[in-house]
$ cat target28.cif   # mmCIF, C-alpha atoms (C1' of nucleotides)
data_target
loop_
_atom_site.label_atom_id
_atom_site.label_comp_id
_atom_site.auth_asym_id
_atom_site.auth_seq_id
_atom_site.Cartn_x
_atom_site.Cartn_y
_atom_site.Cartn_z
CA MET E 226 118.90 -58.25 -32.34
CA THR E 227 116.99 -56.45 -29.63
CA TYR E 228 116.32 -59.37 -27.32
CA GLU E 229 119.95 -59.37 -26.15
CA THR E 230 119.81 -55.88 -24.68
CA ALA E 231 116.34 -56.58 -23.29
CA LEU E 232 117.69 -59.63 -21.47
CA ALA E 233 120.62 -57.67 -20.09
CA ALA E 234 118.33 -54.86 -18.98
CA LEU E 235 115.94 -57.18 -17.16
CA ALA E 236 118.73 -59.11 -15.45
CA ASP E 237 119.28 -56.48 -12.77
CA PRO E 238 116.86 -56.90 -9.84
CA THR E 239 116.21 -53.25 -9.04
CA ARG E 240 115.92 -52.36 -12.71
CA ARG E 241 113.39 -55.15 -13.04
CA LYS E 242 111.50 -53.64 -10.11
CA VAL E 243 111.47 -50.31 -11.90
CA PHE E 244 110.10 -52.01 -14.97
CA GLU E 245 107.51 -53.99 -13.07
CA ARG E 246 106.24 -50.84 -11.40
CA LEU E 247 105.09 -49.66 -14.80
CA LYS E 248 102.81 -52.65 -15.19
CA SER E 249 100.14 -50.75 -13.27
CA GLY E 250 100.34 -47.93 -15.81
CA PRO E 251 102.45 -44.91 -16.81
CA GLN E 252 104.22 -43.13 -13.97
CA PRO E 253 106.60 -40.20 -13.45
CA VAL E 254 110.14 -40.85 -12.24
CA GLY E 255 109.57 -39.57 -8.72
CA VAL E 256 106.64 -41.87 -8.12
CA ILE E 257 108.62 -44.84 -9.40
CA ALA E 258 111.56 -43.97 -7.16
CA SER E 259 109.42 -43.60 -4.04
CA GLY E 260 109.17 -47.01 -2.46
CA LEU E 261 112.32 -48.28 -4.09
CA PRO E 262 115.42 -48.56 -1.88
CA VAL E 263 117.60 -46.52 -4.27
CA SER E 264 117.94 -42.83 -5.03
CA ARG E 265 115.98 -41.05 -7.74
CA PRO E 266 119.03 -40.52 -9.99
CA ALA E 267 119.62 -44.26 -9.86
CA VAL E 268 116.08 -44.77 -11.11
CA SER E 269 116.71 -42.29 -13.91
CA GLN E 270 119.76 -44.28 -14.95
CA HIS E 271 117.81 -47.51 -14.92
CA LEU E 272 115.06 -45.95 -17.00
CA LYS E 273 117.66 -44.82 -19.52
CA VAL E 274 118.88 -48.41 -19.89
CA LEU E 275 115.32 -49.70 -20.19
CA LYS E 276 114.54 -47.09 -22.83
CA GLU E 277 117.66 -47.93 -24.86
CA ALA E 278 116.59 -51.57 -24.70
CA GLY E 279 113.21 -50.62 -26.14
CA LEU E 280 111.40 -51.79 -23.02
CA VAL E 281 109.92 -48.42 -22.01
CA GLY E 282 108.92 -45.19 -23.67
CA ASP E 283 108.44 -41.74 -22.17
CA ARG E 284 106.61 -38.50 -22.73
CA GLU E 285 107.02 -35.07 -21.19
CA GLU E 286 104.18 -33.69 -19.14
CA GLY E 287 105.10 -30.31 -17.73
CA THR E 288 108.10 -30.74 -15.49
CA ARG E 289 107.33 -34.42 -15.12
CA ARG E 290 108.49 -37.21 -17.39
CA ILE E 291 106.03 -40.05 -17.70
CA TYR E 292 107.40 -43.51 -18.44
CA TYR E 293 105.38 -46.40 -19.76
CA ILE E 294 106.03 -49.94 -20.91
CA ASP E 295 106.83 -50.32 -24.58
CA PRO E 296 105.67 -53.75 -25.85
CA HIS E 297 108.20 -53.70 -28.69
CA ALA E 298 111.22 -55.27 -26.98
CA LEU E 299 108.98 -57.45 -24.85
CA ALA E 300 107.55 -58.99 -28.00
CA ALA E 301 111.04 -59.61 -29.39
CA LEU E 302 112.05 -61.31 -26.17
CA ARG E 303 108.99 -63.51 -26.26
CA ALA E 304 109.61 -64.46 -29.86
CA TRP E 305 113.20 -65.45 -29.09
CA LEU E 306 112.16 -67.49 -26.08
CA ASP E 307 109.38 -69.26 -27.94
CA GLN E 308 111.68 -70.16 -30.80
CA PHE E 309 114.30 -71.38 -28.38
CA TRP E 310 111.70 -73.42 -26.59
CA ASP E 311 110.55 -75.14 -29.77
CA GLU E 312 114.07 -75.94 -30.96
CA ALA E 313 115.08 -77.22 -27.54
CA LEU E 314 112.10 -79.55 -27.42
CA ASP E 315 113.00 -80.87 -30.84
CA ALA E 316 116.49 -81.63 -29.54
CA PHE E 317 115.02 -83.48 -26.58
CA ARG E 318 112.86 -85.64 -28.80
CA ALA E 319 115.74 -86.40 -31.17
CA GLU E 320 117.95 -87.31 -28.24
CA ALA E 321 115.31 -89.56 -26.73
CA GLU E 322 114.95 -91.43 -30.00
CA ARG E 323 118.71 -91.75 -30.38
CA LYS E 324 119.04 -93.25 -26.92
CA GLU E 325 116.20 -95.64 -27.66
CA GLU E 326 118.06 -96.89 -30.72
CA ASP E 327 121.32 -97.36 -28.82
CA GLN E 328 119.83 -99.34 -25.96
CA PRO E 329 116.43 -100.76 -26.93
CA ASN E 330 115.99 -102.96 -23.81
CA ARG E 331 118.29 -101.71 -21.13
CA GLU E 332 116.40 -103.33 -18.24
CA LYS E 333 116.62 -106.96 -19.43
CA PRO E 334 119.54 -107.46 -21.80
CA MET F 119 111.35 -67.54 -8.04
CA THR F 120 113.59 -69.22 -10.59
CA TYR F 121 113.04 -66.85 -13.47
CA GLU F 122 115.26 -64.21 -11.84
CA THR F 123 118.38 -66.36 -11.86
CA ALA F 124 117.51 -67.61 -15.33
CA LEU F 125 117.34 -64.04 -16.58
CA ALA F 126 120.66 -63.19 -14.97
CA ALA F 127 122.26 -66.32 -16.41
CA LEU F 128 121.08 -65.59 -19.95
CA ALA F 129 122.11 -61.95 -19.82
CA ASP F 130 125.79 -62.67 -20.47
CA PRO F 131 126.53 -63.02 -24.22
CA THR F 132 129.10 -65.81 -24.09
CA ARG F 133 127.08 -67.73 -21.52
CA ARG F 134 124.11 -67.42 -23.83
CA LYS F 135 126.26 -68.80 -26.63
CA VAL F 136 127.16 -71.76 -24.43
CA PHE F 137 123.49 -72.31 -23.76
CA GLU F 138 122.49 -71.97 -27.40
CA ARG F 139 125.10 -74.52 -28.41
CA LEU F 140 123.10 -77.11 -26.52
CA LYS F 141 120.06 -76.54 -28.69
CA SER F 142 121.52 -78.99 -31.20
CA GLY F 143 121.64 -81.67 -28.50
CA PRO F 144 123.68 -82.80 -25.46
CA GLN F 145 127.40 -82.10 -25.66
CA PRO F 146 130.53 -82.54 -23.54
CA VAL F 147 132.34 -79.49 -22.19
CA GLY F 148 135.27 -79.70 -24.56
CA VAL F 149 133.07 -79.73 -27.63
CA ILE F 150 131.12 -76.74 -26.37
CA ALA F 151 134.32 -74.85 -25.67
CA SER F 152 135.80 -75.53 -29.10
CA GLY F 153 134.65 -72.76 -31.36
CA LEU F 154 134.00 -70.35 -28.54
CA PRO F 155 136.53 -67.55 -28.05
CA VAL F 156 137.06 -68.36 -24.36
CA SER F 157 139.00 -71.01 -22.49
CA ARG F 158 137.51 -74.32 -21.43
CA PRO F 159 137.54 -73.47 -17.71
CA ALA F 160 135.53 -70.37 -18.53
CA VAL F 161 132.96 -72.59 -20.21
CA SER F 162 132.91 -74.82 -17.13
CA GLN F 163 132.16 -71.79 -14.99
CA HIS F 164 129.39 -70.68 -17.30
CA LEU F 165 127.89 -74.15 -17.25
CA LYS F 166 127.93 -74.07 -13.47
CA VAL F 167 125.92 -70.86 -13.48
CA LEU F 168 123.50 -72.26 -16.05
CA LYS F 169 123.07 -75.39 -13.98
CA GLU F 170 122.40 -73.46 -10.78
CA ALA F 171 119.82 -71.47 -12.70
CA GLY F 172 118.09 -74.71 -13.69
CA LEU F 173 118.73 -74.08 -17.38
CA VAL F 174 120.93 -77.11 -18.01
CA GLY F 175 121.46 -80.57 -16.57
CA ASP F 176 124.43 -82.89 -16.85
CA ARG F 177 125.37 -86.53 -16.72
CA GLU F 178 128.71 -88.25 -16.44
CA GLU F 179 129.84 -90.41 -19.30
CA GLY F 180 133.26 -91.84 -18.63
CA THR F 181 135.68 -88.99 -18.23
CA ARG F 182 133.33 -86.72 -20.12
CA ARG F 183 130.52 -84.68 -18.69
CA ILE F 184 127.55 -84.27 -21.00
CA TYR F 185 125.43 -81.16 -20.63
CA TYR F 186 121.93 -80.75 -21.97
CA ILE F 187 119.20 -78.15 -21.83
CA ASP F 188 116.81 -78.48 -18.93
CA PRO F 189 113.37 -77.14 -19.88
CA HIS F 190 112.51 -76.44 -16.25
CA ALA F 191 113.83 -72.90 -15.88
CA LEU F 192 113.02 -72.11 -19.48
CA ALA F 193 109.38 -72.86 -18.77
CA ALA F 194 109.43 -70.64 -15.68
CA LEU F 195 110.91 -67.82 -17.71
CA ARG F 196 108.27 -68.20 -20.37
CA ALA F 197 105.51 -68.21 -17.79
CA TRP F 198 106.80 -65.02 -16.21
CA LEU F 199 107.15 -63.30 -19.57
CA ASP F 200 103.68 -64.33 -20.70
CA GLN F 201 102.10 -63.12 -17.49
CA PHE F 202 104.00 -59.87 -17.74
CA TRP F 203 102.88 -59.49 -21.32
CA ASP F 204 99.23 -59.94 -20.45
CA GLU F 205 99.31 -57.52 -17.54
CA ALA F 206 101.19 -54.94 -19.56
CA LEU F 207 98.66 -55.10 -22.36
CA ASP F 208 95.89 -54.63 -19.84
CA ALA F 209 97.64 -51.50 -18.61
CA PHE F 210 97.91 -50.22 -22.18
CA ARG F 211 94.22 -50.70 -22.79
CA ALA F 212 93.27 -49.05 -19.50
CA GLU F 213 95.53 -46.12 -20.28
CA ALA F 214 94.14 -45.75 -23.78
CA GLU F 215 90.61 -45.61 -22.37
CA ARG F 216 91.60 -43.09 -19.73
CA LYS F 217 93.09 -40.78 -22.31
CA GLU F 218 90.00 -41.11 -24.45
CA GLU F 219 87.86 -39.97 -21.53
CA ASP F 220 90.10 -37.00 -20.79
CA GLN F 221 90.21 -35.70 -24.36
CA PRO F 222 87.34 -37.11 -26.42
CA ASN F 223 87.88 -34.90 -29.52
CA ARG F 224 91.35 -33.51 -29.41
CA GLU F 225 91.57 -32.72 -33.14
CA LYS F 226 88.58 -30.33 -33.31
CA PRO F 227 87.82 -28.81 -29.90
"C1'" DA Q 229 151.38 -99.30 -13.24
"C1'" DC Q 230 151.59 -95.17 -16.04
"C1'" DA Q 231 150.42 -91.89 -19.37
"C1'" DT Q 232 146.51 -89.41 -21.44
"C1'" DT Q 233 142.27 -87.31 -21.76
"C1'" DT Q 234 138.69 -84.73 -19.76
"C1'" DA Q 235 136.87 -81.48 -16.68
"C1'" DG Q 236 136.17 -79.01 -12.23
"C1'" DT Q 237 138.48 -75.83 -8.75
"C1'" DA Q 238 141.66 -72.11 -6.98
"C1'" DA Q 239 143.60 -67.77 -7.15
"C1'" DG Q 240 144.36 -63.56 -9.09
"C1'" DT Q 241 143.21 -59.58 -12.41
"C1'" DA Q 242 140.85 -56.25 -15.23
"C1'" DG Q 243 136.80 -54.27 -16.73
"C1'" DT Q 244 132.23 -53.02 -15.88
"C1'" DA Q 245 128.10 -51.55 -13.66
"C1'" DA Q 246 125.18 -50.00 -10.00
"C1'" DC Q 247 125.15 -46.78 -6.69
"C1'" DT Q 248 126.01 -42.25 -4.25
"C1'" DT Q 249 126.26 -36.98 -3.92
"C1'" DA Q 250 126.57 -32.73 -6.32
"C1'" DC Q 251 125.25 -30.09 -10.18
"C1'" DT Q 252 122.53 -28.27 -14.09
"C1'" DG Q 253 118.33 -27.37 -16.62
"C1'" DT Q 254 113.52 -26.47 -17.27
"C1'" DA Q 255 108.65 -25.84 -16.42
"C1'" DA Q 256 105.17 -24.14 -13.22
"C1'" DG Q 257 103.43 -21.28 -9.12
"C1'" DT Q 258 103.46 -17.02 -6.46
"C1'" DA C 295 111.31 -12.02 -11.51
"C1'" DC C 296 112.03 -15.64 -8.09
"C1'" DT C 297 111.39 -19.63 -5.88
"C1'" DT C 298 109.98 -24.49 -6.03
"C1'" DA C 299 109.45 -28.98 -7.96
"C1'" DC C 300 111.02 -32.36 -10.97
"C1'" DA C 301 114.38 -34.88 -13.52
"C1'" DG C 302 118.66 -35.77 -16.24
"C1'" DT C 303 123.90 -35.56 -16.14
"C1'" DA C 304 128.69 -35.71 -14.12
"C1'" DA C 305 132.07 -37.63 -11.36
"C1'" DG C 306 133.70 -40.79 -8.24
"C1'" DT C 307 133.57 -45.23 -5.46
"C1'" DT C 308 132.70 -49.99 -4.54
"C1'" DA C 309 131.53 -54.46 -5.68
"C1'" DC C 310 130.96 -57.91 -8.70
"C1'" DT C 311 131.92 -60.87 -12.67
"C1'" DA C 312 134.00 -62.81 -16.58
"C1'" DC C 313 138.31 -64.17 -17.70
"C1'" DT C 314 143.07 -66.18 -17.43
"C1'" DT C 315 146.67 -69.66 -15.87
"C1'" DA C 316 147.90 -73.25 -12.75
"C1'" DC C 317 146.57 -77.11 -10.21
"C1'" DT C 318 143.83 -81.32 -8.84
"C1'" DA C 319 140.95 -85.33 -9.65
"C1'" DA C 320 139.14 -89.19 -11.98
"C1'" DA C 321 138.34 -92.39 -15.70
"C1'" DT C 322 140.24 -94.69 -19.84
"C1'" DG C 323 143.94 -96.88 -22.80
"C1'" DT C 324 148.37 -99.06 -23.42
#
$ encode --input "target28.cif" --output "structure tokens"
Amino acid sequence: MTYETALAALADPTRRKVFERLKSGPQPVGVIASGLPVSRPAVSQHLKVLKEAGLVGDREEGTRRIYYIDPHALAALRAWLDQFWDEALDAFRAEAERKEEDQPNREKP
Amino acid sequence: MTYETALAALADPTRRKVFERLKSGPQPVGVIASGLPVSRPAVSQHLKVLKEAGLVGDREEGTRRIYYIDPHALAALRAWLDQFWDEALDAFRAEAERKEEDQPNREKP
DNA sequence: ACATTTAGTAAGTAGTAACTTACTGTAAGT
DNA sequence: ACTTACAGTAAGTTACTACTTACTAAATGT
């Protein structure tokens, strides 16, 4: 049930930028915010959403708060997508066969 | 560049339901709408978004319009996620090694 | 020809969400 | 003790988006 919130969290462009910044490793909020075109509180709010979605984790380090990518929700999202992919391909194959049965030789009737 | 719009399209719950209904095979708009708690025009609007995102395709069949899943955007989304996954895991490993260097024996100093 | 079915479009509304500034809190430095 | 640095929270605003009903268009059936 976690892939839904993960999808919603990653849908926003600037929140996705926040998330992608953590690919290079754990970072404090201020560093993440610098370089982004939004204010630091906005980044804090985005990080809160990402954390609730299970996409990031955080640890305190003095007055700083270090955020890092949490693979948990990312794995759930991948699992959902892979399953979807497989089922969709099955539907394609079934549909192709059905059409073949309906019109075996559609070029020269 | 297509995974962004795909993400945004799949973020909405009812739009995701519309999309998931097509897993069982191509369907006309009316059939998709029946069983969903929203009006048929709403489903049409969702299908428009899904189509612009490259997630579905459609063909005319008399007065009906048949929609089906288009694997194009789905593949792009999977590729992005997989790449992200790999890079994130690399970051985890690098971080784990860094911490090991900083504090080799943190239990018994 | 006309009615019916099917579906996209238009217009308007309500709820949400992303952002801002102002503030509060807490740990570290002097 | 006091200031400074860092970050989360509160409150308010704006913009967007998902939805509705009403209309339009086109293909099929009688």
$ closest_atom_pairs --input "target28.cif" --of "chain E" --to "chain C" --cutoff "12 Å" --atoms "all atoms listed in the file" --output "tab-separated table"
residue	atom	partner	partner_atom	distance
E:Pro253	CA	C:DC300	C1'	9.3
E:Val254	CA	C:DA301	C1'	7.4
E:Gly255	CA	C:DC300	C1'	7.7
E:Val256	CA	C:DC300	C1'	10.9
E:Ala258	CA	C:DA301	C1'	11.4
E:Arg265	CA	C:DA301	C1'	8.6
E:Pro266	CA	C:DG302	C1'	7.9
E:Ala267	CA	C:DG302	C1'	10.7
E:Val268	CA	C:DA301	C1'	10.3
E:Ser269	CA	C:DG302	C1'	7.2
E:Gln270	CA	C:DG302	C1'	8.7
E:His271	CA	C:DG302	C1'	11.8
E:Leu272	CA	C:DG302	C1'	10.8
E:Lys273	CA	C:DG302	C1'	9.7
E:Glu285	CA	C:DA301	C1'	10.6
E:Glu286	CA	C:DC300	C1'	10.7
E:Gly287	CA	C:DC300	C1'	9.2
E:Thr288	CA	C:DC300	C1'	5.6
E:Arg289	CA	C:DC300	C1'	5.9
E:Arg290	CA	C:DA301	C1'	7.4
E:Ile291	CA	C:DA301	C1'	10.7
$ interface_residues --input "target28.cif" --of "chain Q" --to "chain E" --cutoff "10 Å" --atoms "only C-alpha atoms (C1' of nucleotides)" --output "number ranges by chain"
Q: 246-248, 254-256
$ write_last_selection --input "target28.cif" --atoms "C-alpha atoms (C1' of nucleotides)" --output "CSV table (one decimal), in the frame of the given file"
chain,number,residue,atom,x,y,z
Q,246,DA,C1',125.2,-50.0,-10.0
Q,247,DC,C1',125.2,-46.8,-6.7
Q,248,DT,C1',126.0,-42.2,-4.2
Q,254,DT,C1',113.5,-26.5,-17.3
Q,255,DA,C1',108.6,-25.8,-16.4
Q,256,DA,C1',105.2,-24.1,-13.2
$ closest_atom_pairs --input "target28.cif" --of "chain E" --to "chain F" --cutoff "7 Å" --atoms "all atoms listed in the file" --output "tab-separated table"
residue	atom	partner	partner_atom	distance
E:Leu232	CA	F:Ala129	CA	5.3
E:Ala233	CA	F:Ala129	CA	4.5
E:Ala236	CA	F:Ala126	CA	4.5
E:Lys248	CA	F:Ala206	CA	5.2
E:Ser249	CA	F:Ala209	CA	5.9
E:Gly250	CA	F:Ala209	CA	5.3
E:Arg303	CA	F:Leu199	CA	6.9
E:Leu306	CA	F:Arg196	CA	6.9
E:Glu312	CA	F:Lys141	CA	6.4
E:Ala313	CA	F:Lys141	CA	5.2
E:Ala316	CA	F:Gly143	CA	5.3
E:Glu320	CA	F:Gly143	CA	6.7
$ atom_distance --input "target28.cif" --atom1 "atom CA of E:Ala304" --atom2 "atom CA of F:Ala197"
13.3 Å
$ atom_distance --input "target28.cif" --atom1 "atom CA of E:Val243" --atom2 "atom CA of E:Ile257"
6.7 Å
$ atom_distance --input "target28.cif" --atom1 "atom CA of F:Ala191" --atom2 "atom CA of F:Val174"
8.5 Å
